[in-house]
Amino acid sequence: MTDASVAGRTPLRTVVIGASGYVGGRLVGELLAAGHEVVCVARTPGNLSGLPWFDAVEVVRGDVLDVTSLQAPFAGADAVYHLVHAMGDAADFADADRRGAANVRDAAATAGVGRIIYLGGLGPGRGPVVASGQSTRGG
């Protein structure tokens, strides 16, 4: 990626949920390198403190299962990257995933966010979970 100001593009205010994960941690660095402003939303903000870009981002405590915690970080955002792969000890992963995605959608709509980029997750220890909530593998 190239710096947004060099490429003639307007830098975006982006929100990344799931920055402590493999994809999110790399995405944040790329967004910063492209000249974008990055806000990271994390259930446990301290988990981000050792990452190389930590001092270059705004870190806000939030949880996709708590829609009110998403309101402040989404305010003024151009895009939200929803990259959450695990939601703690959620007994029903598929239901928690749907509720989290709906909360991100609703908070983004309220804040006037123009774009949501969603990366789904895998079910806990069972293989991928498809839209119906059924595992793609037997067992």
# chains A, B, ... in the order shown; residues from 1 in each chain; ligands from 1
>>> residues_around(residues="range 24-40 of chain A", least_positions_apart="5", cutoff="12 Å", atoms="only C-alpha atoms", output="ChimeraX atom specification")
/A:1-19,45-63,70,72-85,117-119
